[in-house]
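Colleague: What follows is the file start.cif, containing mmCIF, C-alpha atoms:
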```
data_run
loop_
_atom_site.group_PDB
_atom_site.id
_atom_site.type_symbol
_atom_site.label_atom_id
_atom_site.label_comp_id
_atom_site.auth_asym_id
_atom_site.auth_seq_id
_atom_site.Cartn_x
_atom_site.Cartn_y
_atom_site.Cartn_z
ATOM 1 C CA MET A 1 45.996 58.262 192.219
ATOM 2 C CA ASP A 2 48.247 61.199 193.051
ATOM 3 C CA PHE A 3 48.508 62.786 189.616
ATOM 4 C CA LYS A 4 51.068 65.350 190.769
ATOM 5 C CA ASN A 5 53.553 62.472 190.866
ATOM 6 C CA SER A 6 52.974 62.114 187.110
ATOM 7 C CA ILE A 7 53.572 65.782 186.266
ATOM 8 C CA ARG A 8 57.133 66.993 185.707
ATOM 9 C CA VAL A 9 57.714 70.512 187.030
ATOM 10 C CA ILE A 10 60.454 72.446 185.248
ATOM 11 C CA PRO A 11 61.674 75.573 187.049
ATOM 12 C CA ASP A 12 62.456 78.748 185.110
ATOM 13 C CA PHE A 13 60.890 77.600 181.846
ATOM 14 C CA PRO A 14 60.195 79.242 179.461
ATOM 15 C CA GLN A 15 61.645 82.119 181.460
ATOM 16 C CA ALA A 16 62.964 82.847 184.931
ATOM 17 C CA GLY A 17 60.291 82.669 187.621
ATOM 18 C CA ILE A 18 57.959 80.373 185.685
ATOM 19 C CA SER A 19 57.376 76.866 187.040
ATOM 20 C CA PHE A 20 56.301 74.890 183.936
ATOM 21 C CA LYS A 21 53.923 71.958 184.458
ATOM 22 C CA ASP A 22 54.882 69.328 181.866
ATOM 23 C CA ILE A 23 52.024 66.888 181.178
ATOM 24 C CA THR A 24 54.048 64.757 178.741
ATOM 25 C CA THR A 25 55.173 62.606 181.672
ATOM 26 C CA LEU A 26 51.535 61.860 182.512
ATOM 27 C CA LEU A 27 50.624 61.224 178.865
ATOM 28 C CA LYS A 28 53.356 58.628 178.351
ATOM 29 C CA ASP A 29 52.155 56.627 181.377
ATOM 30 C CA GLY A 30 49.156 54.671 180.078
ATOM 31 C CA GLU A 31 47.779 53.899 183.532
ATOM 32 C CA ALA A 32 48.029 57.499 184.746
ATOM 33 C CA TYR A 33 46.648 58.922 181.472
ATOM 34 C CA ARG A 34 43.657 56.581 181.557
ATOM 35 C CA ALA A 35 43.044 57.301 185.251
ATOM 36 C CA ALA A 36 43.187 61.070 184.615
ATOM 37 C CA ILE A 37 40.627 60.862 181.794
ATOM 38 C CA ASP A 38 38.426 58.550 183.893
ATOM 39 C CA GLU A 39 38.545 60.982 186.811
ATOM 40 C CA LEU A 40 37.723 63.962 184.585
ATOM 41 C CA LYS A 41 34.833 61.928 183.186
ATOM 42 C CA ALA A 42 33.517 61.393 186.720
ATOM 43 C CA LEU A 43 33.871 65.121 187.502
ATOM 44 C CA VAL A 44 31.734 66.152 184.498
ATOM 45 C CA ALA A 45 29.316 63.203 184.396
ATOM 46 C CA HIS A 46 26.508 65.281 185.954
ATOM 47 C CA LEU A 47 26.601 67.787 183.061
ATOM 48 C CA GLN A 48 24.486 67.284 179.963
ATOM 49 C CA ILE A 49 27.151 67.306 177.256
ATOM 50 C CA ASP A 50 26.462 66.951 173.535
ATOM 51 C CA VAL A 51 29.996 67.653 172.328
ATOM 52 C CA ILE A 52 33.437 68.513 173.696
ATOM 53 C CA ALA A 53 35.560 71.278 172.191
ATOM 54 C CA GLY A 54 39.304 71.481 172.776
ATOM 55 C CA PRO A 55 41.803 74.151 171.743
ATOM 56 C CA GLU A 56 44.928 73.200 169.812
ATOM 57 C CA ALA A 57 47.020 71.278 170.643
ATOM 58 C CA ARG A 58 46.991 69.977 174.192
ATOM 59 C CA GLY A 59 43.222 70.399 174.375
ATOM 60 C CA PHE A 60 43.112 67.596 171.809
ATOM 61 C CA VAL A 61 44.932 65.129 174.098
ATOM 62 C CA VAL A 62 42.481 65.852 176.909
ATOM 63 C CA GLY A 63 39.269 66.589 175.023
ATOM 64 C CA ALA A 64 39.315 63.781 172.443
ATOM 65 C CA PRO A 65 39.768 60.881 174.890
ATOM 66 C CA LEU A 66 37.271 62.497 177.267
ATOM 67 C CA ALA A 67 34.743 62.756 174.410
ATOM 68 C CA TYR A 68 35.359 59.098 173.586
ATOM 69 C CA ALA A 69 34.876 58.098 177.236
ATOM 70 C CA LEU A 70 31.595 60.029 177.401
ATOM 71 C CA GLY A 71 30.367 58.826 174.001
ATOM 72 C CA VAL A 72 30.072 62.323 172.537
ATOM 73 C CA GLY A 73 31.718 64.084 169.614
ATOM 74 C CA PHE A 74 34.866 66.197 169.651
ATOM 75 C CA VAL A 75 35.362 69.595 167.983
ATOM 76 C CA PRO A 76 38.913 70.845 167.425
ATOM 77 C CA ILE A 77 39.511 74.543 167.935
ATOM 78 C CA ARG A 78 42.573 75.432 165.888
ATOM 79 C CA LYS A 79 44.922 78.262 165.116
ATOM 80 C CA SER A 80 43.880 80.510 162.240
ATOM 81 C CA GLY A 81 44.445 79.005 158.790
ATOM 82 C CA LYS A 82 44.589 75.358 159.921
ATOM 83 C CA LEU A 83 40.998 74.284 159.235
ATOM 84 C CA PRO A 84 40.018 73.435 155.637
ATOM 85 C CA TYR A 85 36.350 74.483 155.640
ATOM 86 C CA GLU A 86 34.559 77.772 156.356
ATOM 87 C CA THR A 87 35.455 79.090 159.819
ATOM 88 C CA ILE A 88 34.787 81.817 162.311
ATOM 89 C CA GLU A 89 37.738 83.306 164.183
ATOM 90 C CA VAL A 90 38.372 85.220 167.384
ATOM 91 C CA GLY A 91 41.618 86.977 168.267
ATOM 92 C CA TYR A 92 42.998 87.173 171.788
ATOM 93 C CA ASP A 93 45.997 88.520 173.672
ATOM 94 C CA LEU A 94 48.908 86.391 174.792
ATOM 95 C CA GLU A 95 51.603 87.336 177.274
ATOM 96 C CA TYR A 96 53.901 88.280 174.402
ATOM 97 C CA GLY A 97 51.602 89.074 171.518
ATOM 98 C CA LYS A 98 48.338 88.076 169.912
ATOM 99 C CA ASP A 99 46.868 84.920 168.448
ATOM 100 C CA THR A 100 43.685 83.815 166.709
ATOM 101 C CA LEU A 101 41.584 80.680 167.191
ATOM 102 C CA ALA A 102 39.147 79.276 164.657
ATOM 103 C CA VAL A 103 36.406 76.661 164.428
ATOM 104 C CA HIS A 104 34.398 75.315 161.505
ATOM 105 C CA THR A 105 31.067 77.090 161.098
ATOM 106 C CA ASP A 106 29.219 73.765 161.144
ATOM 107 C CA ALA A 107 31.118 72.238 164.105
ATOM 108 C CA ILE A 108 28.514 73.070 166.732
ATOM 109 C CA LYS A 109 24.770 73.199 166.210
ATOM 110 C CA PRO A 110 22.667 75.910 167.844
ATOM 111 C CA GLY A 111 21.483 74.738 171.246
ATOM 112 C CA GLN A 112 24.138 72.060 171.722
ATOM 113 C CA ASN A 113 25.634 71.731 175.202
ATOM 114 C CA VAL A 114 29.409 72.015 174.977
ATOM 115 C CA LEU A 115 32.156 71.141 177.438
ATOM 116 C CA ILE A 116 35.493 72.796 176.756
ATOM 117 C CA ALA A 117 38.497 70.676 177.725
ATOM 118 C CA ASP A 118 42.173 71.584 177.886
ATOM 119 C CA ASP A 119 45.321 70.600 179.707
ATOM 120 C CA LEU A 120 45.808 73.794 181.688
ATOM 121 C CA LEU A 121 43.839 76.763 182.975
ATOM 122 C CA ALA A 122 46.187 79.678 183.539
ATOM 123 C CA THR A 123 45.082 83.241 182.724
ATOM 124 C CA GLY A 124 41.945 82.025 180.923
ATOM 125 C CA GLY A 125 42.533 83.788 177.604
ATOM 126 C CA THR A 126 42.490 80.684 175.420
ATOM 127 C CA ILE A 127 39.432 79.252 177.138
ATOM 128 C CA ALA A 128 37.506 82.551 177.095
ATOM 129 C CA THR A 129 38.225 82.749 173.356
ATOM 130 C CA SER A 130 37.018 79.157 172.930
ATOM 131 C CA VAL A 131 33.807 80.042 174.815
ATOM 132 C CA SER A 132 33.280 82.992 172.477
ATOM 133 C CA LEU A 133 33.611 80.760 169.409
ATOM 134 C CA VAL A 134 31.140 78.205 170.800
ATOM 135 C CA GLU A 135 28.627 80.905 171.691
ATOM 136 C CA GLN A 136 28.910 82.569 168.270
ATOM 137 C CA LEU A 137 27.824 79.256 166.755
ATOM 138 C CA GLY A 138 24.825 79.099 169.097
ATOM 139 C CA GLY A 139 26.251 76.491 171.462
ATOM 140 C CA LYS A 140 25.887 76.652 175.231
ATOM 141 C CA VAL A 141 29.057 76.101 177.245
ATOM 142 C CA VAL A 142 27.980 73.967 180.213
ATOM 143 C CA GLY A 143 31.429 73.489 181.698
ATOM 144 C CA ALA A 144 35.179 73.529 181.331
ATOM 145 C CA ALA A 145 37.495 70.688 182.373
ATOM 146 C CA PHE A 146 41.250 70.821 182.893
ATOM 147 C CA LEU A 147 44.018 68.512 183.990
ATOM 148 C CA ILE A 148 45.738 71.413 185.783
ATOM 149 C CA GLU A 149 44.669 74.787 187.128
ATOM 150 C CA LEU A 150 47.182 77.452 188.125
ATOM 151 C CA VAL A 151 45.072 79.016 190.858
ATOM 152 C CA GLN A 152 47.134 82.183 191.381
ATOM 153 C CA LEU A 153 46.505 83.292 187.778
ATOM 154 C CA ALA A 154 42.719 83.349 188.397
ATOM 155 C CA GLY A 155 41.752 82.165 184.910
ATOM 156 C CA ARG A 156 38.396 80.868 186.131
ATOM 157 C CA ASN A 157 37.387 84.484 186.775
ATOM 158 C CA LYS A 158 37.151 84.982 182.988
ATOM 159 C CA LEU A 159 34.660 82.119 182.719
ATOM 160 C CA ASN A 160 31.823 83.792 184.641
ATOM 161 C CA ASP A 161 28.994 81.315 185.292
ATOM 162 C CA ILE A 162 30.662 78.325 183.629
ATOM 163 C CA GLU A 163 31.319 75.368 185.911
ATOM 164 C CA VAL A 164 35.064 74.695 186.051
ATOM 165 C CA VAL A 165 36.595 71.375 187.136
ATOM 166 C CA SER A 166 40.304 70.741 187.517
ATOM 167 C CA LEU A 167 42.027 67.472 188.297
ATOM 168 C CA LEU A 168 44.999 69.218 189.914
ATOM 169 C CA THR A 169 45.642 72.673 191.260
ATOM 170 C CA TYR A 170 48.927 74.445 191.792
ATOM 171 C CA GLU A 171 49.426 77.612 193.803
ATOM 172 C CA ASP A 172 52.793 78.505 192.184
#
```
Have the structure of the file written as structure tokens, please.
Modeller:
Amino acid sequence: MDFKNSIRVIPDFPQAGISFKDITTLLKDGEAYRAAIDELKALVAHLQIDVIAGPEARGFVVGAPLAYALGVGFVPIRKSGKLPYETIEVGYDLEYGKDTLAVHTDAIKPGQNVLIADDLLATGGTIATSVSLVEQLGGKVVGAAFLIELVQLAGRNKLNDIEVVSLLTYED
């Protein structure tokens, strides 16, 4: 399936010069959504995965169905203040400010193999922060899976020795 046909590209959003990749058009198409998750599953099947972690919010719509397809658990990584139990937090820089991600302290057991899943790999800040949270809990990040990778932003360079798989790549 040519998944790029299922992605709406919106020029100059959220600002001039940005070419926004809108996955909502893929998500609303049941056949394309299922095929995308199935293909991601095939791309990571060789990894030994105990649990998948996904950052809020679009990481949930990729990571949770992928976890279901693989028969493993899912761990939500959320914005600060959104989780009800004891958490650890890591701050990171955004293009226009700062943000903080959090995870429950009991979400990942020491030694567990973790795949991080999200919709998009751009600059890598969110995913690098997610890796830091997993590692602080004693988990081992064995890979990262994305629907889309914006190659020119070189986000995979922040992920060092972590295997990265992307369903689609864009150069712009």
Colleague: Can you pull out every residue within 12 Å of segment 78-94 of chain A, counting only C-alpha atoms, but drop anything in the same chain fewer than 3 positions away, and send it as JSON, numbers by chain?
Modeller: {"A": [53, 54, 55, 56, 57, 58, 59, 60, 75, 97, 98, 99, 100, 101, 102, 103, 104, 105, 106, 107, 108, 122, 123, 124, 125, 126, 127, 128, 129, 130, 131, 132, 133, 134, 135, 136, 137]}
Colleague: For the residues in the current selection, export C-alpha atoms as a PDB file, in the coordinates of the input.
Modeller:
```pdb
ATOM      1  CA  ALA A  53      35.560  71.278 172.191  1.00  0.00           C
ATOM      2  CA  GLY A  54      39.304  71.481 172.776  1.00  0.00           C
ATOM      3  CA  PRO A  55      41.803  74.151 171.743  1.00  0.00           C
ATOM      4  CA  GLU A  56      44.928  73.200 169.812  1.00  0.00           C
ATOM      5  CA  ALA A  57      47.020  71.278 170.643  1.00  0.00           C
ATOM      6  CA  ARG A  58      46.991  69.977 174.192  1.00  0.00           C
ATOM      7  CA  GLY A  59      43.222  70.399 174.375  1.00  0.00           C
ATOM      8  CA  PHE A  60      43.112  67.596 171.809  1.00  0.00           C
ATOM      9  CA  VAL A  75      35.362  69.595 167.983  1.00  0.00           C
ATOM     10  CA  GLY A  97      51.602  89.074 171.518  1.00  0.00           C
ATOM     11  CA  LYS A  98      48.338  88.076 169.912  1.00  0.00           C
ATOM     12  CA  ASP A  99      46.868  84.920 168.448  1.00  0.00           C
ATOM     13  CA  THR A 100      43.685  83.815 166.709  1.00  0.00           C
ATOM     14  CA  LEU A 101      41.584  80.680 167.191  1.00  0.00           C
ATOM     15  CA  ALA A 102      39.147  79.276 164.657  1.00  0.00           C
ATOM     16  CA  VAL A 103      36.406  76.661 164.428  1.00  0.00           C
ATOM     17  CA  HIS A 104      34.398  75.315 161.505  1.00  0.00           C
ATOM     18  CA  THR A 105      31.067  77.090 161.098  1.00  0.00           C
ATOM     19  CA  ASP A 106      29.219  73.765 161.144  1.00  0.00           C
ATOM     20  CA  ALA A 107      31.118  72.238 164.105  1.00  0.00           C
ATOM     21  CA  ILE A 108      28.514  73.070 166.732  1.00  0.00           C
ATOM     22  CA  ALA A 122      46.187  79.678 183.539  1.00  0.00           C
ATOM     23  CA  THR A 123      45.082  83.241 182.724  1.00  0.00           C
ATOM     24  CA  GLY A 124      41.945  82.025 180.923  1.00  0.00           C
ATOM     25  CA  GLY A 125      42.533  83.788 177.604  1.00  0.00           C
ATOM     26  CA  THR A 126      42.490  80.684 175.420  1.00  0.00           C
ATOM     27  CA  ILE A 127      39.432  79.252 177.138  1.00  0.00           C
ATOM     28  CA  ALA A 128      37.506  82.551 177.095  1.00  0.00           C
ATOM     29  CA  THR A 129      38.225  82.749 173.356  1.00  0.00           C
ATOM     30  CA  SER A 130      37.018  79.157 172.930  1.00  0.00           C
ATOM     31  CA  VAL A 131      33.807  80.042 174.815  1.00  0.00           C
ATOM     32  CA  SER A 132      33.280  82.992 172.477  1.00  0.00           C
ATOM     33  CA  LEU A 133      33.611  80.760 169.409  1.00  0.00           C
ATOM     34  CA  VAL A 134      31.140  78.205 170.800  1.00  0.00           C
ATOM     35  CA  GLU A 135      28.627  80.905 171.691  1.00  0.00           C
ATOM     36  CA  GLN A 136      28.910  82.569 168.270  1.00  0.00           C
ATOM     37  CA  LEU A 137      27.824  79.256 166.755  1.00  0.00           C
TER      38      LEU A 137
END
```
Colleague: Would you list the contacts of Val72 of chain A as a list in words, taking every protein, DNA or RNA residue within 7 Å and counting all atoms listed in the file, but skipping same-chain residues closer than 2 positions in sequence?
Modeller: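 That gives Asp50, Val51, Ala67, Tyr68, Leu70 and Phe74 of chain A.
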Colleague: If the PyMOL selection byres ((chain A and resi 172) around 8) is run on the structure shown, which residues does it catch, given as a list of chain:residue names?
Modeller: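 This file, filtered by the PyMOL selection byres ((chain A and resi 172) around 8), leaves A:Ser19, A:Leu150, A:Val151, A:Gln152, A:Tyr170, A:Glu171.
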Colleague: Report the distance between atom CA of Val142 of chain A and atom CA of Leu26 of chain A in Å, rounded to one decimal place.
Modeller: 26.6 Å
Colleague: Which residues, written as number ranges by chain, have at least one atom at most 12 Å from Ala45 of chain A, with all atoms listed in the file counted and residues fewer than 4 positions away on the same chain left out?
Modeller: A: 37-41, 49-50, 66-67, 69-72, 115, 142-143, 145, 165
Colleague: Between atom CA of Ile162 of chain A and atom CA of Pro76 of chain A, what distance in Å does the model show, to one decimal?
Modeller: 19.7 Å
Colleague: For each of A:Ala117, A:Ala16, A:Leu147, A:Ala35, take the minimum atom-to-atom distance to Ala64 of chain A, counting all atoms listed in the file, then give the residue where this is smallest.
Modeller: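 Closest to Ala64 of chain A of all the choices is A:Ala117.
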Colleague: Just to confirm, what's the straight-line distance from atom CA of Asn5 of chain A to atom CA of Lys28 of chain A in Å (one decimal)?
Modeller: 13.1 Å
Colleague: Leu120 of chain A: which residues within 6 Å, counting all atoms listed in the file, same-chain residues fewer than 2 positions away excluded, as a count of residues only?
Modeller: 4
Colleague: For each of A:Arg8, A:Lys109, A:Arg34, A:Lys21, take the minimum atom-to-atom distance to Gly138 of chain A, counting only C-alpha atoms, then give the residue where this is smallest.
Modeller: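 The shortest atom-to-atom distance to Gly138 of chain A comes from A:Lys109.
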